[in-house]
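Novice: Here you go, this is upload33.pdb (PDB, C-alpha atoms).
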```
ATOM      1  CA  MET A   1      -0.965  11.005  -0.164
ATOM      2  CA  HIS A   2      -4.212  12.865  -0.786
ATOM      3  CA  VAL A   3      -4.864  15.786   1.527
ATOM      4  CA  SER A   4      -8.455  17.009   1.842
ATOM      5  CA  LYS A   5      -9.323  20.641   1.110
ATOM      6  CA  LYS A   6     -10.619  21.064   4.669
ATOM      7  CA  LYS A   7      -7.318  19.887   6.124
ATOM      8  CA  THR A   8      -5.379  22.129   3.726
ATOM      9  CA  ASP A   9      -7.521  25.140   4.646
ATOM     10  CA  TYR A  10      -7.069  24.358   8.330
ATOM     11  CA  LEU A  11      -3.281  24.168   8.123
ATOM     12  CA  CYS A  12      -3.127  27.241   5.896
ATOM     13  CA  GLY A  13      -5.353  29.251   8.232
ATOM     14  CA  ILE A  14      -3.325  28.278  11.295
ATOM     15  CA  THR A  15      -0.084  29.143   9.505
ATOM     16  CA  TRP A  16      -1.368  32.634   8.658
ATOM     17  CA  PHE A  17      -2.485  33.102  12.254
ATOM     18  CA  LEU A  18       0.844  31.950  13.721
ATOM     19  CA  LEU A  19       2.651  34.371  11.410
ATOM     20  CA  SER A  20       0.408  37.188  12.640
ATOM     21  CA  MET A  21       1.447  36.438  16.227
ATOM     22  CA  VAL A  22       5.169  36.654  15.401
ATOM     23  CA  ILE A  23       4.579  40.027  13.747
ATOM     24  CA  GLY A  24       2.415  41.116  16.681
ATOM     25  CA  VAL A  25       5.136  40.441  19.262
ATOM     26  CA  ALA A  26       7.677  42.291  17.096
ATOM     27  CA  ASN A  27       5.315  45.273  16.918
ATOM     28  CA  ASP A  28       4.755  45.170  20.685
ATOM     29  CA  THR A  29       8.502  45.307  21.206
ATOM     30  CA  LEU A  30       8.781  48.404  19.017
ATOM     31  CA  MET A  31       5.814  50.072  20.717
ATOM     32  CA  LYS A  32       7.190  49.415  24.187
ATOM     33  CA  PHE A  33      10.523  50.912  23.140
ATOM     34  CA  LEU A  34       9.023  53.985  21.424
ATOM     35  CA  GLY A  35       6.386  54.458  24.135
ATOM     36  CA  ALA A  36       9.078  55.532  26.573
ATOM     37  CA  GLU A  37       9.448  58.827  24.655
ATOM     38  CA  TYR A  38       6.252  59.471  22.687
ATOM     39  CA  SER A  39       2.638  59.900  23.800
ATOM     40  CA  LEU A  40       0.166  57.079  23.248
ATOM     41  CA  ALA A  41      -1.762  59.143  20.693
ATOM     42  CA  GLN A  42       1.373  59.956  18.655
ATOM     43  CA  LEU A  43       2.491  56.347  18.843
ATOM     44  CA  VAL A  44      -0.806  55.065  17.423
ATOM     45  CA  CYS A  45      -1.065  57.966  14.957
ATOM     46  CA  LEU A  46       2.362  57.423  13.385
ATOM     47  CA  ARG A  47       1.957  53.666  13.351
ATOM     48  CA  TYR A  48      -1.213  53.859  11.277
ATOM     49  CA  GLY A  49      -0.035  56.908   9.334
ATOM     50  CA  PHE A  50       2.843  54.899   7.893
ATOM     51  CA  ALA A  51       0.541  51.927   7.453
ATOM     52  CA  THR A  52      -1.795  54.100   5.330
ATOM     53  CA  LEU A  53       1.102  55.474   3.285
ATOM     54  CA  PHE A  54       2.471  52.020   2.450
ATOM     55  CA  LEU A  55      -0.940  50.691   1.475
ATOM     56  CA  ALA A  56      -1.711  53.684  -0.736
ATOM     57  CA  LEU A  57       1.656  53.404  -2.515
ATOM     58  CA  PHE A  58       1.133  49.680  -3.016
ATOM     59  CA  GLU A  59      -2.314  50.156  -4.518
ATOM     60  CA  VAL A  60      -1.339  53.098  -6.728
ATOM     61  CA  SER A  61       1.705  51.223  -8.039
ATOM     62  CA  GLY A  62      -0.618  48.396  -9.030
ATOM     63  CA  LYS A  63      -2.952  50.873 -10.792
ATOM     64  CA  ASN A  64      -5.928  49.403  -8.981
ATOM     65  CA  ILE A  65      -7.445  52.657  -7.712
ATOM     66  CA  GLY A  66     -10.983  51.373  -8.149
ATOM     67  CA  GLY A  67     -10.289  48.651  -5.611
ATOM     68  CA  MET A  68      -9.780  51.265  -2.895
ATOM     69  CA  PHE A  69     -13.376  52.508  -2.751
ATOM     70  CA  MET A  70     -15.189  51.232   0.312
ATOM     71  CA  HIS A  71     -18.478  49.375   0.032
ATOM     72  CA  MET A  72     -19.547  49.607   3.677
ATOM     73  CA  PRO A  73     -18.350  52.928   5.173
ATOM     74  CA  LYS A  74     -20.169  52.466   8.503
ATOM     75  CA  LEU A  75     -18.399  49.147   9.023
ATOM     76  CA  HIS A  76     -14.983  50.729   8.534
ATOM     77  CA  ILE A  77     -15.775  53.621  10.866
ATOM     78  CA  ILE A  78     -16.906  51.248  13.616
ATOM     79  CA  ARG A  79     -13.799  49.077  13.161
ATOM     80  CA  ALA A  80     -11.504  52.109  13.265
ATOM     81  CA  ILE A  81     -13.095  53.411  16.474
ATOM     82  CA  PHE A  82     -12.842  49.997  18.120
ATOM     83  CA  LEU A  83      -9.214  49.647  17.034
ATOM     84  CA  LEU A  84      -8.299  53.174  18.148
ATOM     85  CA  VAL A  85      -9.665  52.701  21.652
ATOM     86  CA  ALA A  86      -8.249  49.174  21.926
ATOM     87  CA  MET A  87      -4.773  50.312  20.814
ATOM     88  CA  LEU A  88      -4.671  53.273  23.217
ATOM     89  CA  LEU A  89      -5.651  51.033  26.128
ATOM     90  CA  TYR A  90      -3.199  48.350  25.030
ATOM     91  CA  CYS A  91      -0.287  50.764  24.569
ATOM     92  CA  HIS A  92      -0.885  52.196  28.045
ATOM     93  CA  GLY A  93      -0.689  48.723  29.582
ATOM     94  CA  LEU A  94       2.341  47.831  27.475
ATOM     95  CA  HIS A  95       4.163  50.897  28.755
ATOM     96  CA  LYS A  96       3.263  50.329  32.419
ATOM     97  CA  LEU A  97       3.622  46.539  32.776
ATOM     98  CA  PRO A  98       6.179  43.855  31.784
ATOM     99  CA  ILE A  99       5.575  42.516  28.290
ATOM    100  CA  ALA A 100       4.925  38.953  29.532
ATOM    101  CA  THR A 101       2.297  40.275  31.951
ATOM    102  CA  VAL A 102       0.656  42.203  29.117
ATOM    103  CA  MET A 103       0.482  39.034  27.049
ATOM    104  CA  SER A 104      -0.989  37.146  29.999
ATOM    105  CA  LEU A 105      -3.846  39.608  30.382
ATOM    106  CA  ASN A 106      -4.258  39.776  26.620
ATOM    107  CA  PHE A 107      -5.036  36.074  26.576
ATOM    108  CA  VAL A 108      -8.577  36.583  27.759
ATOM    109  CA  ILE A 109      -9.223  37.420  24.077
ATOM    110  CA  PRO A 110      -9.952  33.758  23.166
ATOM    111  CA  LEU A 111     -12.599  33.556  25.877
ATOM    112  CA  PHE A 112     -14.308  36.701  24.615
ATOM    113  CA  THR A 113     -13.870  35.499  21.038
ATOM    114  CA  LEU A 114     -15.492  32.135  21.666
ATOM    115  CA  ILE A 115     -18.438  33.817  23.393
ATOM    116  CA  PHE A 116     -18.865  36.423  20.642
ATOM    117  CA  ALA A 117     -18.478  33.809  17.883
ATOM    118  CA  ARG A 118     -21.277  31.780  19.401
ATOM    119  CA  ILE A 119     -23.568  34.796  19.909
ATOM    120  CA  PHE A 120     -22.985  36.803  16.713
ATOM    121  CA  LEU A 121     -21.679  34.273  14.165
ATOM    122  CA  LYS A 122     -23.673  31.255  15.380
ATOM    123  CA  GLU A 123     -20.526  29.148  15.104
ATOM    124  CA  LYS A 124     -20.531  25.641  16.475
ATOM    125  CA  ILE A 125     -17.729  25.544  19.014
ATOM    126  CA  ARG A 126     -15.737  22.314  19.023
ATOM    127  CA  LEU A 127     -15.390  20.655  22.394
ATOM    128  CA  ASP A 128     -11.607  20.432  22.023
ATOM    129  CA  SER A 129     -11.438  24.173  21.306
ATOM    130  CA  ILE A 130     -13.371  24.886  24.479
ATOM    131  CA  ILE A 131     -11.171  22.552  26.522
ATOM    132  CA  ALA A 132      -7.940  23.965  25.071
ATOM    133  CA  THR A 133      -9.078  27.521  25.726
ATOM    134  CA  ILE A 134     -10.068  26.812  29.332
ATOM    135  CA  VAL A 135      -6.866  24.889  30.040
ATOM    136  CA  GLY A 136      -4.798  27.589  28.396
ATOM    137  CA  PHE A 137      -6.523  30.296  30.403
ATOM    138  CA  ALA A 138      -5.808  28.335  33.568
ATOM    139  CA  GLY A 139      -2.133  28.500  32.615
ATOM    140  CA  VAL A 140      -2.413  32.249  32.094
ATOM    141  CA  TYR A 141      -4.120  32.642  35.473
ATOM    142  CA  TYR A 142      -1.291  30.720  37.130
ATOM    143  CA  ILE A 143       1.339  32.814  35.368
ATOM    144  CA  PHE A 144      -0.184  36.120  36.343
ATOM    145  CA  GLU A 145      -0.303  35.272  40.056
ATOM    146  CA  PRO A 146      -3.463  37.294  40.787
ATOM    147  CA  LYS A 147      -2.737  37.446  44.530
ATOM    148  CA  ASN A 148       0.313  39.568  43.849
ATOM    149  CA  GLU A 149       0.184  43.223  44.742
ATOM    150  CA  GLY A 150      -0.840  45.428  41.835
ATOM    151  CA  PHE A 151      -3.048  42.894  40.028
ATOM    152  CA  ALA A 152      -6.075  45.189  40.025
ATOM    153  CA  THR A 153      -4.196  48.218  38.727
ATOM    154  CA  LEU A 154      -5.698  50.670  36.260
ATOM    155  CA  ALA A 155      -3.307  49.382  33.586
ATOM    156  CA  ALA A 156      -4.582  45.826  34.091
ATOM    157  CA  VAL A 157      -8.213  46.950  33.815
ATOM    158  CA  MET A 158      -7.386  48.840  30.614
ATOM    159  CA  LEU A 159      -5.763  45.745  29.149
ATOM    160  CA  LEU A 160      -8.846  43.650  29.908
ATOM    161  CA  LEU A 161     -11.045  46.207  28.151
ATOM    162  CA  SER A 162      -8.691  46.264  25.158
ATOM    163  CA  SER A 163      -8.883  42.453  24.979
ATOM    164  CA  MET A 164     -12.659  42.630  24.745
ATOM    165  CA  LEU A 165     -12.436  45.154  21.898
ATOM    166  CA  PHE A 166      -9.837  43.080  20.029
ATOM    167  CA  ALA A 167     -12.120  40.039  20.313
ATOM    168  CA  ALA A 168     -14.998  42.101  18.904
ATOM    169  CA  LEU A 169     -12.736  43.118  15.996
ATOM    170  CA  ASP A 170     -11.960  39.451  15.314
ATOM    171  CA  ILE A 171     -15.684  38.790  15.001
ATOM    172  CA  ILE A 172     -16.240  41.786  12.706
ATOM    173  CA  ASN A 173     -13.276  40.754  10.551
ATOM    174  CA  LYS A 174     -14.564  37.214  10.207
ATOM    175  CA  LYS A 175     -18.121  38.323   9.417
ATOM    176  CA  PHE A 176     -17.284  40.834   6.677
ATOM    177  CA  VAL A 177     -13.904  39.863   5.189
ATOM    178  CA  ASN A 178     -15.431  37.909   2.291
ATOM    179  CA  ASP A 179     -17.871  40.725   1.426
ATOM    180  CA  GLU A 180     -15.592  43.742   1.756
ATOM    181  CA  GLY A 181     -12.257  42.182   0.798
ATOM    182  CA  VAL A 182      -8.942  41.954   2.601
ATOM    183  CA  PHE A 183      -7.299  45.048   1.115
ATOM    184  CA  ARG A 184     -10.156  47.470   1.788
ATOM    185  CA  MET A 185     -10.484  46.275   5.382
ATOM    186  CA  VAL A 186      -6.740  46.701   5.964
ATOM    187  CA  PHE A 187      -6.543  50.078   4.177
ATOM    188  CA  TYR A 188      -9.508  51.796   5.795
ATOM    189  CA  THR A 189      -8.715  50.454   9.245
ATOM    190  CA  ALA A 190      -5.302  52.129   9.029
ATOM    191  CA  THR A 191      -6.525  55.320   7.344
ATOM    192  CA  LEU A 192      -9.440  56.067   9.656
ATOM    193  CA  THR A 193      -7.469  55.170  12.788
ATOM    194  CA  PHE A 194      -4.763  57.630  11.672
ATOM    195  CA  ILE A 195      -7.318  60.388  10.991
ATOM    196  CA  PHE A 196      -9.154  59.886  14.290
ATOM    197  CA  THR A 197      -5.910  59.879  16.299
ATOM    198  CA  LEU A 198      -4.147  62.824  14.631
ATOM    199  CA  PRO A 199      -5.893  65.667  16.547
ATOM    200  CA  PHE A 200      -4.993  64.079  19.912
ATOM    201  CA  ALA A 201      -1.403  63.401  18.799
ATOM    202  CA  LEU A 202      -0.836  67.054  17.856
ATOM    203  CA  PHE A 203      -1.431  68.208  21.446
ATOM    204  CA  ARG A 204       1.800  66.551  22.643
ATOM    205  CA  TRP A 205       3.695  66.155  19.400
ATOM    206  CA  ILE A 206       7.423  65.400  19.575
ATOM    207  CA  ALA A 207       9.438  65.623  16.359
ATOM    208  CA  PRO A 208      10.836  62.098  15.838
ATOM    209  CA  SER A 209      14.491  61.522  15.014
ATOM    210  CA  LEU A 210      15.525  59.821  11.771
ATOM    211  CA  ARG A 211      16.077  56.563  13.664
ATOM    212  CA  ASP A 212      12.612  56.732  15.193
ATOM    213  CA  ILE A 213      11.056  57.552  11.817
ATOM    214  CA  VAL A 214      12.516  54.294  10.530
ATOM    215  CA  LEU A 215      11.147  52.434  13.571
ATOM    216  CA  PHE A 216       7.696  53.993  13.113
ATOM    217  CA  ALA A 217       7.807  52.994   9.441
ATOM    218  CA  MET A 218       8.603  49.401  10.477
ATOM    219  CA  LEU A 219       5.730  49.586  12.950
ATOM    220  CA  GLY A 220       3.352  50.756  10.230
ATOM    221  CA  GLY A 221       4.434  48.043   7.827
ATOM    222  CA  GLY A 222       4.087  45.485  10.593
ATOM    223  CA  ALA A 223       0.573  46.706  11.353
ATOM    224  CA  ASN A 224      -0.437  46.051   7.736
ATOM    225  CA  LEU A 225       1.144  42.612   7.664
ATOM    226  CA  LEU A 226      -0.431  41.725  11.007
ATOM    227  CA  LEU A 227      -3.979  42.520   9.925
ATOM    228  CA  TYR A 228      -3.425  40.973   6.500
ATOM    229  CA  CYS A 229      -2.316  37.681   8.064
ATOM    230  CA  ILE A 230      -5.294  37.675  10.451
ATOM    231  CA  LEU A 231      -7.769  38.301   7.633
ATOM    232  CA  LYS A 232      -6.169  35.595   5.472
ATOM    233  CA  ALA A 233      -6.484  33.192   8.404
ATOM    234  CA  PHE A 234     -10.180  34.038   8.782
ATOM    235  CA  GLU A 235     -10.734  33.320   5.092
ATOM    236  CA  LYS A 236      -9.727  29.706   5.765
ATOM    237  CA  VAL A 237     -10.960  28.854   9.274
ATOM    238  CA  ASN A 238     -13.510  29.897  11.878
ATOM    239  CA  VAL A 239     -12.610  32.339  14.637
ATOM    240  CA  SER A 240     -13.182  29.694  17.310
ATOM    241  CA  ILE A 241     -10.537  27.408  15.757
ATOM    242  CA  VAL A 242      -7.689  29.914  15.883
ATOM    243  CA  ALA A 243      -8.615  31.432  19.261
ATOM    244  CA  PRO A 244      -6.556  29.008  21.416
ATOM    245  CA  PHE A 245      -3.432  29.642  19.342
ATOM    246  CA  ARG A 246      -3.089  33.145  20.783
ATOM    247  CA  TYR A 247      -1.522  31.517  23.829
ATOM    248  CA  LEU A 248       1.684  30.884  21.887
ATOM    249  CA  GLU A 249       2.280  34.647  21.863
ATOM    250  CA  LEU A 250       3.164  34.379  25.526
ATOM    251  CA  ILE A 251       6.149  32.155  24.781
ATOM    252  CA  LEU A 252       7.455  34.712  22.296
ATOM    253  CA  ALA A 253       6.773  37.547  24.747
ATOM    254  CA  ILE A 254       8.745  35.824  27.518
ATOM    255  CA  GLU A 255      11.739  35.480  25.200
ATOM    256  CA  VAL A 256      11.505  39.125  24.113
ATOM    257  CA  GLY A 257      11.147  40.292  27.704
ATOM    258  CA  PHE A 258      14.204  38.316  28.753
ATOM    259  CA  PHE A 259      16.585  39.088  25.884
ATOM    260  CA  ILE A 260      15.580  42.688  25.125
ATOM    261  CA  PHE A 261      14.039  44.161  28.277
ATOM    262  CA  HIS A 262      15.924  41.928  30.778
ATOM    263  CA  GLU A 263      12.710  40.695  32.402
ATOM    264  CA  ILE A 264      13.278  37.341  34.087
ATOM    265  CA  PRO A 265      10.197  35.068  34.024
ATOM    266  CA  SER A 266       9.027  33.696  37.355
ATOM    267  CA  GLU A 267       8.586  30.007  38.170
ATOM    268  CA  ASN A 268       4.844  30.504  37.728
ATOM    269  CA  THR A 269       5.470  31.825  34.228
ATOM    270  CA  ILE A 270       7.523  28.775  33.269
ATOM    271  CA  TRP A 271       5.003  26.221  34.568
ATOM    272  CA  GLY A 272       2.053  28.137  33.187
ATOM    273  CA  SER A 273       3.737  28.295  29.788
ATOM    274  CA  LEU A 274       4.074  24.510  29.763
ATOM    275  CA  VAL A 275       0.320  24.243  30.336
ATOM    276  CA  ILE A 276      -0.305  26.644  27.471
ATOM    277  CA  ILE A 277       2.022  24.800  25.092
ATOM    278  CA  THR A 278       0.401  21.457  25.931
ATOM    279  CA  SER A 279      -3.127  22.737  25.352
ATOM    280  CA  THR A 280      -2.185  24.392  22.059
ATOM    281  CA  LEU A 281      -0.374  21.315  20.720
ATOM    282  CA  TYR A 282      -3.443  19.250  21.571
ATOM    283  CA  ILE A 283      -5.752  21.532  19.602
ATOM    284  CA  VAL A 284      -3.396  21.287  16.583
ATOM    285  CA  TYR A 285      -3.481  17.484  16.777
ATOM    286  CA  ALA A 286      -7.236  17.295  17.291
ATOM    287  CA  GLY A 287      -7.929  19.796  14.518
ATOM    288  CA  VAL A 288      -5.814  17.999  11.916
ATOM    289  CA  ARG A 289      -7.138  14.584  12.931
ATOM    290  CA  GLY A 290     -10.745  15.784  12.645
ATOM    291  CA  LYS A 291     -10.363  17.166   9.122
TER
END
```
Can I see the file as structure tokens?
Specialist:
Amino acid sequence: MHVSKKKTDYLCGITWFLLSMVIGVANDTLMKFLGAEYSLAQLVCLRYGFATLFLALFEVSGKNIGGMFMHMPKLHIIRAIFLLVAMLLYCHGLHKLPIATVMSLNFVIPLFTLIFARIFLKEKIRLDSIIATIVGFAGVYYIFEPKNEGFATLAAVMLLLSSMLFAALDIINKKFVNDEGVFRMVFYTATLTFIFTLPFALFRWIAPSLRDIVLFAMLGGGANLLLYCILKAFEKVNVSIVAPFRYLELILAIEVGFFIFHEIPSENTIWGSLVIITSTLYIVYAGVRGK
């Protein structure tokens, strides 16, 4: 059976994006665990320090040094600053709140992404993407139970701000990935974030144990794989298409919270998750059918 290139690109892009979410939840689990002992600045610094090291070794081993020179330095600086601030805000919320709650607040990213994609990329937003995003956000709203005490905490506000910055990064990634290349965007994001964070990390530096060094190394490698998968997804599909799929992260987060951190999901979380799953499955069906 003949499969069109558009359908192949769609399925390939979604696959890369789903893989990025699995890696993202694994990284969040490591950060939540390590954040109990290390400062936010050291956590971000070591994560991207190892990410830089792995990327440099990979490129040097391939003898492709020329491919490491940046073409648009201002772009990389802006991306690194956005990522640094977003990660510090996100790590603070991850440390203070249950991981499922963090994911719930993080799911305002698709709303910001759809708005930014329309404004800055002039993308035509499919009606089914809009519907799936709104329905999915309704599920998130139900899960979070905004009437509960502590909804408007500082940690929650920080997470909302980090979501806006992550959405802006999605737009920047989509706009420039074909011009600057996947490797350079991954490498300089990690390198500049490490450099910018290092002075703040040194103020409260704690010498990590051998076990924690291994965990930080895994975190750095995961950071590279995460961004690589996102950029590969954006090579195949528009930002607005993959935005609703972020909701599936919540299902993974609930499982991690239950099995690792012993966080029992509420009834609202279960019903809201069903709404999210339904909306996401619909967008998969509608997207494949429309290709």
Novice: Interatomic distance between atom CA of Phe82 of chain A and atom CA of Arg204 of chain A?
Specialist: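 Atom-to-atom, atom CA of Phe82 of chain A to atom CA of Arg204 of chain A, that is 22.6 Å.
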Novice: Please expand the PyMOL selection byres ((chain A and resi 134) around 12) into the concrete residues it hits in this file, giving the result as a ChimeraX atom specification.
Specialist: /A:107-112,114,127-133,135-141,243-244,247,275-276,279-280,283
Novice: For a test of reading the model, state the distance in Å between atom CA of His95 of chain A and atom CA of Arg79 of chain A, rounded to one decimal.
Specialist: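 Atom-to-atom, atom CA of His95 of chain A to atom CA of Arg79 of chain A, that is 23.9 Å.
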Novice: Just give me the gap between atom CA of Ile99 of chain A and atom CA of Trp271 of chain A in Å, one decimal is fine.
Specialist: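 Answer for the atom CA of Ile99 of chain A to atom CA of Trp271 of chain A separation: 17.5 Å.
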Novice: Excluding Ala207 of chain A and its own-chain neighbours fewer than 5 positions away, which residues fall within 10 Å of it when counting only C-alpha atoms? Please give them as a PDB file with C-alpha atoms, in the coordinates of the input.
Specialist:
```pdb
ATOM      1  CA  TYR A  38       6.252  59.471  22.687  1.00  0.00           C
ATOM      2  CA  ASP A 212      12.612  56.732  15.193  1.00  0.00           C
ATOM      3  CA  ILE A 213      11.056  57.552  11.817  1.00  0.00           C
TER       4      ILE A 213
END
```
Novice: Between A:Tyr90, A:Phe203, A:Tyr282, A:Phe50, which one has atoms that come closest to Asn224 of chain A, using all atoms listed in the file?
Specialist: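 Among the listed residues, A:Phe50 lies closest to Asn224 of chain A.
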Novice: Please list as a CSV table (one decimal) with C-alpha atoms, in the frame of the given file every residue within 12 Å of Leu83 of chain A, counting all atoms listed in the file and excluding residues in the same chain fewer than 4 positions away.
Specialist:
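Saved the output as selection39.csv:
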```
chain,number,residue,atom,x,y,z
A,44,VAL,CA,-0.8,55.1,17.4
A,45,CYS,CA,-1.1,58.0,15.0
A,48,TYR,CA,-1.2,53.9,11.3
A,76,HIS,CA,-15.0,50.7,8.5
A,77,ILE,CA,-15.8,53.6,10.9
A,78,ILE,CA,-16.9,51.2,13.6
A,79,ARG,CA,-13.8,49.1,13.2
A,87,MET,CA,-4.8,50.3,20.8
A,88,LEU,CA,-4.7,53.3,23.2
A,89,LEU,CA,-5.7,51.0,26.1
A,90,TYR,CA,-3.2,48.4,25.0
A,91,CYS,CA,-0.3,50.8,24.6
A,161,LEU,CA,-11.0,46.2,28.2
A,162,SER,CA,-8.7,46.3,25.2
A,163,SER,CA,-8.9,42.5,25.0
A,164,MET,CA,-12.7,42.6,24.7
A,165,LEU,CA,-12.4,45.2,21.9
A,166,PHE,CA,-9.8,43.1,20.0
A,167,ALA,CA,-12.1,40.0,20.3
A,168,ALA,CA,-15.0,42.1,18.9
A,169,LEU,CA,-12.7,43.1,16.0
A,170,ASP,CA,-12.0,39.5,15.3
A,172,ILE,CA,-16.2,41.8,12.7
A,173,ASN,CA,-13.3,40.8,10.6
A,186,VAL,CA,-6.7,46.7,6.0
A,188,TYR,CA,-9.5,51.8,5.8
A,189,THR,CA,-8.7,50.5,9.2
A,190,ALA,CA,-5.3,52.1,9.0
A,191,THR,CA,-6.5,55.3,7.3
A,192,LEU,CA,-9.4,56.1,9.7
A,193,THR,CA,-7.5,55.2,12.8
A,194,PHE,CA,-4.8,57.6,11.7
A,196,PHE,CA,-9.2,59.9,14.3
A,197,THR,CA,-5.9,59.9,16.3
A,223,ALA,CA,0.6,46.7,11.4
A,227,LEU,CA,-4.0,42.5,9.9
```
Novice: So which residues touch Leu30 of chain A within 10 Å, counting all atoms listed in the file, skipping near sequence neighbours fewer than 3 positions away, as a list in words?
Specialist: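 Within the cut-off, the hits are Gly24, Val25, Ala26, Asn27, Phe33, Leu34, Gly35, Asp212, Leu215, Phe216, Met218 and Leu219 of chain A.
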